[in-house]
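First the structure, in the form of structure tokens, and then the observations on it.
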Amino acid sequence: MPVKVSVIIPVYNPGIYIEDCISSLQRQSLPPDEFEVIFVDDGSTDETPARLDALAAEDPRMKVIHQENSGWSGKPRNVGIEASRGEFVMFVDNDDYLGDEALERMYDYGVANGADVVVGKMAGKGRGVPVELFRRNHPRATVENAPLIDSLTPHKMFRRAFLDRIGLRFPEGRRRLEDHVFIAEAYLRAENVSVLSDYVCYYHLRRDDGSNAGFERFDPVGYFRNLREALDVVERYTEPGPVRDRLFRRWLRVEMVERLRSRRLLNLPDDYRRELFGEIHEVVVERFGPGVAAGLQPTQQVVAALTAADRYDDVVAFAEWEAGVAPVAAPGGIAWRDGLLHIDFTAEYLSGGEPMLYPAGAAAAPLTDVPKDVTEAVRWVASETAARFGQAAADLLLRERSSAAQYFQPVEFTRETVPAGDGAEVRLVLRATATVDPAALPRDGAWDALVRVKTGGWTKECRLGPAPREHRPTPEVGVVGDRPVLPYWTEPHGNFSLELRPRGKRLGLGRVQLGDVTVSDERFRVLLPVHVTGDTEVRLRFVSSRRILEVPGTLSPEADRPGSVLAADLPAEDLSGDVWRVAVCLNPRSGQARFTGLPFALRAGDGSVLVTPVPGPGVALRLARRARRVLGAARRKVNSRIRTGGR
């Protein structure tokens, strides 16, 4: 069968960090005969060459090419392209890994849309990845209708015939930004680029040892010489005007202005940041016309203007002011409605720990000249931010804690100017309600709520919280899509999170009171702090010192109050003469079904069943041990019957 995808991995001394990469390739859902993996070992001096040779010997999908060290990733990728047999090639770094269905989904999406380039959703663990680009799927994306230029790393899928037709290969040798040169040309010459955003395809990791090439301090002279080559590509394939300015703006914003802002600049040694500033100043003056910086956000415009004017000291002073600016998101009401979690919050920016203040009634005014000092720069930023408040936005994202995958949630918000002091200044507050459908989240585990606040020159994220303990809304656990979902507040910071399929005490069922339990006519009923949208099947377990009984039950929503009623028929005769602990399983049809104990017991005898407090710790422990012995004996008996052919 023809090879659909060739995965090309440049390798240099990854050590143990290559193992997750290998495992993810072996787990791919694409059939084994439809993809190949080409490791190009660029002169590794650790044990990796032997590890890869052994891997290739046992797995026919894996191939290894050994070569002398070339100094960077460009040549190994090119060697991999020439050796590939796939209809598409996919570039992966040796310390990153893929989602299990990445190759299959990206290939199918690329074929369906006739794409020359397929960009799969990325998640960054300890490092930044594009966010806005992956807000939704873009089956036919261009540099004009989508923020493609935000993603210039090589971790994408390319049609091999497209690369051959235009003769596109990576620059080689000891250099930086070879991926920018390659990707920029691919975007500008492709007949179609497709962006797949509804599945995390690529996990981009920062290594624990901090040795990722992208985090090493670089030589500014060489770095910006290589950056000019990417700008040359844009000039070659675009005409002067708004499109070129917008593309150039990406390099001005990300590679230059952002390096000169806030803590990112202040954390550098003074001699190094002076050298960095000098090289950036040269590129800004040499390559960028006024239309490039004019499209930046206010704070970015200030940094760009000060840089062009060669005012290093003012850039540092402005960075010191910006270092005190941060967003805050305060939670409001949080409640279940019809299986969806509705989250109210407000968001604004703080400066020096206090709400930022802006001039009331400000009007937009372009930055026509360089601010005379930082005070004037800050004043202009505040005024321009207030004038642009109609463009401000708030988003809520859920980030899966173990993988760092992020997903936008639907949000409705309003913008509010709040008078401050004598009325000459205002606060700019965003009031929002997010709607979370837990059934749409792809993984079990912990999900942290992040608020993304965009206003003025800032687009920053913060946790939703903290919420003071005395004012925290405490929504109950919900059962959604056959899995429990627990909203909770982290300790000690008090930020909002969700846990899908929580265990035991975290479900909050220990809050049930004896008065919430009734037994009559062999019918058992208890009010539980659990949200359900309709009648929901559960399972009850009754545990005594001698036996374990299980019966089906039903959770039904309460019409006039939170929570639901658990009802079940009691096997009264089977319960007689003993004390029974009670546990409930909220998702009995799941492969991960778990029982959670309830804080009461049933005492059966003389034709009646009484609800009693839970036995003391010592008694409860003895009951649990006896129950485990009973359950173990029953299992051994069943296994013995199976082995001897019994029924």
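Ordering of the structure tokens sets the chain letters (A, B, ...), residue numbers begin anew at 1 in every chain, and ligands are numbered from 1 in the order given.
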With stretch 487-503 of chain A as the partner and 12 Å as the cut-off, tabulate the residues of stretch 265-350 of chain A that qualify, each row holding the nearest pair of atoms and their distance in Å to one decimal, using only C-alpha atoms, sorted by chain and rising number, as JSON lines.
{"residue": "A:Val328", "atom": "CA", "partner": "A:Asn495", "partner_atom": "CA", "distance": 11.5}
{"residue": "A:Ala329", "atom": "CA", "partner": "A:Asn495", "partner_atom": "CA", "distance": 9.9}
{"residue": "A:Ala330", "atom": "CA", "partner": "A:Asn495", "partner_atom": "CA", "distance": 9.6}
{"residue": "A:Pro331", "atom": "CA", "partner": "A:Phe496", "partner_atom": "CA", "distance": 8.3}
{"residue": "A:Gly332", "atom": "CA", "partner": "A:Phe496", "partner_atom": "CA", "distance": 11.0}
{"residue": "A:Gly333", "atom": "CA", "partner": "A:Phe496", "partner_atom": "CA", "distance": 11.8}
{"residue": "A:Ile334", "atom": "CA", "partner": "A:Pro487", "partner_atom": "CA", "distance": 9.0}
{"residue": "A:Ala335", "atom": "CA", "partner": "A:Pro487", "partner_atom": "CA", "distance": 9.5}
{"residue": "A:Trp336", "atom": "CA", "partner": "A:Pro487", "partner_atom": "CA", "distance": 9.9}
{"residue": "A:Leu340", "atom": "CA", "partner": "A:Pro487", "partner_atom": "CA", "distance": 11.7}
{"residue": "A:Leu341", "atom": "CA", "partner": "A:Pro487", "partner_atom": "CA", "distance": 8.9}
{"residue": "A:His342", "atom": "CA", "partner": "A:Pro487", "partner_atom": "CA", "distance": 11.1}
{"residue": "A:Ile343", "atom": "CA", "partner": "A:Phe496", "partner_atom": "CA", "distance": 10.0}
{"residue": "A:Asp344", "atom": "CA", "partner": "A:Phe496", "partner_atom": "CA", "distance": 11.7}
{"residue": "A:Phe345", "atom": "CA", "partner": "A:Phe496", "partner_atom": "CA", "distance": 11.1}
* When DSSP works through the backbone of this structure, what residues of stretch 53-229 of chain A end up as alpha helix (DSSP H), shown as a PyMOL selection string? -> chain A and resi 53-58+74-83+102-112+160-166+178-189+220-229
* Asked: Between A:Arg547, A:His66, A:Arg77, A:Arg259, which has the minimum distance to A:Leu52 (counting only C-alpha atoms)?
  -> A:His66
* Asked: Which of these, A:Arg174, A:Arg603, A:Arg469, A:Arg244, has the shortest distance to A:Asn69 once you count only C-alpha atoms?
  -> A:Arg174
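With atom CA of A:Ala405 on one side and atom CA of A:Asp338 on the other, the separation reads 26.0 Å.
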* Would you list the contacts of A:Val243 as JSON, numbers by chain, taking every protein, DNA or RNA residue within 10 Å and counting only C-alpha atoms, but skipping same-chain residues closer than 6 positions in sequence? => {"A": [143, 144, 234, 249, 292]}
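Each of A:Gly577, A:Gly128, A:Gly74, A:Gly421 was compared to A:Leu610 using only C-alpha atoms, and A:Gly577 turns out to be the nearest.
The gap separating atom CA of A:Tyr223 from atom CA of A:Gly15 is 26.9 Å, in Å to one decimal.
Closest approach to A:Gly481 among A:Pro442, A:Gly167, A:Gly120, A:Pro552: A:Pro442, based on only C-alpha atoms.
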* Could you pull out all residues of stretch 241-368 of chain A with a DSSP call of strand (DSSP E or B) and give them as number ranges by chain? -> A: 325-337, 340-351, 354-355, 358-359
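Proximity of A:Val118, A:Cys21, A:Arg525, A:Val3 to A:Glu36, computed with only C-alpha atoms, is greatest for A:Val3.
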* Can you tell me, as number ranges by chain, what residues are no more than 6 Å from stretch 262-273 of chain A when counting only C-alpha atoms, ignoring any on the same chain fewer than 6 positions away? -> A: 319, 322-323
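Compared by their closest atoms to A:Pro171, and using only C-alpha atoms, the residues A:Asn78, A:Thr346, A:Ser403, A:Ser23 rank with A:Asn78 nearest.
The space between atom CA of A:Gly508 and atom CA of A:Val485 spans 11.4 Å.
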* Which residues, written as a list in words, have at least one atom at most 7 Å from A:Lys454, with only C-alpha atoms counted and residues fewer than 6 positions away on the same chain left out? -> Ala392, Ala393, Ala394 and Lys460 of chain A
* **Contacts of A:Pro240 within 12 Å, only C-alpha atoms, excl. fewer than 6 positions in-chain, as an MDAnalysis selection string** => chainID A and resid 234 246:248 288:289 291:292
* To do: List the neighbours of A:Pro529 out to 7 Å using only C-alpha atoms; skip same-chain residues closer than 3 positions along the sequence, and give me the result as a VMD selection string.
  => chain A and resid 476 to 477 509 563 to 564
Output C-alpha atoms of each residue in that selection to a file, as a JSON list (two decimals), in the first residue's frame.
[["chain", "number", "residue", "atom", "x", "y", "z"],
["A", 476, "GLU", "CA", -22.27, 20.38, 43.03],
["A", 477, "VAL", "CA", -20.75, 17.55, 41.03],
["A", 509, "LEU", "CA", -21.19, 13.25, 48.76],
["A", 563, "GLY", "CA", -29.24, 18.38, 43.55],
["A", 564, "SER", "CA", -31.13, 15.24, 42.71]]
